[in-house]
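Visitor: My structure is below; once you've seen it, I'll send some questions.
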Amino acid sequence: MADDVETASSSPEKRGRWRAADTRRDGGGEGQSAVRAAAPSTAEPVLGRALRATRGRSPSPARGGGAGRKRPSKARDNLVYAAVWLTCAAPLAWLAFRAFTGDLGVNPIETLIRQLGVWGLRLLLVGLAITPAAVILRKPRLARFRRTIGLFAFAYVSLHLLSYIGVDLYFDFGQLVKDILKRPFITLGMAAFVLLIPLAITSTNGWVIRMGRAAWSRLHWLIYLIVPLGVAHYYLLVKADHRPPLVYGAILAVLLGWRLWRATRSSP
Ligand code: HEM
């Protein structure tokens with residue numbers, strides 16, 4: 001995601017030192033360290049800079065920022081990763097269970113579409129919340145869950161779209177095109193979905209290396225457009241009570257505001 005964006009760093013030794021410290025810190029989680037080492041970029045990640053700025057010091061081993069830090073065991077790491085994965089999959093499993101037991105209410109199709117949409121949006125927001133959480137809680141390793149959460153968000157939104165096209169429109173693509181052109185909330189939802197596709201495709205380490213970290217990060221800035229589009233989509237489709245989409249909008253504003261505040265604070 002865009003939080004991985006890198007800027008020109010100072011000296012080559014500094015950059016090398018950062019990479020070494022970072023490799024130790026994330027323990028190779030989801031192969032990110034390997035990517036950082038192999039990627040053509042030469043700068044340090046913003047998350048790392050932000051963390052150092054928060055601490056007001058560099059990640060020197062003597063201060064517990066590098067080799068001195070205890071690395072969590074592989075087993076614990078796998079356990080945490082499994083917990084994240086299961087948490088992301090749980091709403092889908094619960095929805096499937098309710099669908100099979102006929103517990104989706106009087107309008108099961110609407111419930112299905114809406115639940116998939118709302119979980120897609122929630123996971124997109126959780127993905128955006130990872131970096132602030134990592135910085136504020138001083139847990140840089142949280143960043144390794146961004147990809148998993150982002151891919152789950154994409155899966156929910158894809159199923160949301162699929163259930164709309166399949167169950168609601170009976171695969172009438174002509175009607176879909178009419179809806180995209182005539183219903184603004186569908187236009188915005190579709191725009192968000194289309195923009196999510198390249199992010200999902202390029203989410204692997206291979207793509208980071210192929211594109212170069214700077215170009216990859218620029219592409220992943222799209223997330224800052226996608227999530228507002230998702231919130232606007234929600235706001236426009238609601239007919240009576242606008243409070244729920246406004247709550248999501250407020251959460252989004254806080255998450256984007258935090259990034260803006262960090263960016264203005266760290267710029268000279
Ligand atoms: C990133 C993309 C998207 C997000 C985050 C998203 C999110 C949402 C949310 C939060 C809701 C309302 C859930 C509720 O009322 O509790 C919703 C409803 C809906 N969305 Fe999406 N959506 C996206 C893309 C799409 C696309 C591409 C389509 C179709 C082309 C679509 C069609 C619908 C429909 C038909 C509804 C239900 C409207 C109703 O019941 O009146 N959405 N979506």
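Residue numbers start at 1 in each chain; chains themselves are named A, B, ... in the order of the structure tokens; ligands are numbered from 1 in the order shown.
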What residues of the protein or nucleic acid chains come within 6 Å of ligand 1 when you use only C-alpha atoms and all ligand atoms? Reply as a list in words.
Guide: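 The neighbouring residues of ligand 1 are, in order, Glu110, Ile113, Arg114, Gln115, Gly117, Val118, Gly120, Leu121, Val157, Leu161, Tyr164, Ile186, Gly189, Met190, Ala192, Phe193, Gly230, Tyr234 and Leu237 of chain A.
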Visitor: Please, which residues of range 170-205 of chain A, numbered as in this document, come out helix (DSSP H, G or I) from DSSP, as a ChimeraX atom specification?
Guide: /A:173-182,184-201,205
Visitor: Quick one: everything within 9 Å of Ala99 in chain A, counting only C-alpha atoms, minus sequence neighbours fewer than 5 positions away in the same chain. Send it as a list in words.
Guide: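 Answer for this query is Trp94, Leu104, Pro108 and Leu112 of chain A.
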Visitor: So the first atom is CA of His233 in chain A and the second is CA of Phe185 in chain A; what is the distance between them in Å, to one decimal place?
Guide: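 According to the coordinates, CA of His233 in chain A and CA of Phe185 in chain A are separated by 4.6 Å.
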Visitor: Using 10 Å as the limit and counting only C-alpha atoms, can you tabulate each residue of range 90-168 of chain A that touches range 241-253 of chain A, with its shortest atom-to-atom distance in Å and the two atoms involved, as a tab-separated table?
Guide:
residue	atom	partner	partner_atom	distance
A:Val118	CA	A:Pro245	CA	9.8
A:Leu121	CA	A:Tyr248	CA	8.5
A:Arg122	CA	A:Tyr248	CA	8.2
A:Leu124	CA	A:Leu252	CA	9.8
A:Leu125	CA	A:Leu252	CA	6.8
A:Val126	CA	A:Leu252	CA	9.9
A:Leu128	CA	A:Leu252	CA	8.3
A:Ala129	CA	A:Leu252	CA	9.0
Visitor: For the atom pair CA of Ser203 in chain A and CA of Trp119 in chain A, what is the interatomic distance in Å to one decimal place?
Guide: 19.9 Å
Visitor: Skip Ile109 in chain A itself and residues of its chain fewer than 2 positions away, then list as a ChimeraX atom specification all residues within 12 Å of it, counting only C-alpha atoms.
Guide: /A:95,98-99,102-107,111-116,160,162-170
Visitor: Could you check how far CA of Leu137 in chain A sits from CA of Thr204 in chain A, in Å to one decimal?
Guide: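 CA of Thr204 in chain A lies at a distance of 26.2 Å from CA of Leu137 in chain A.
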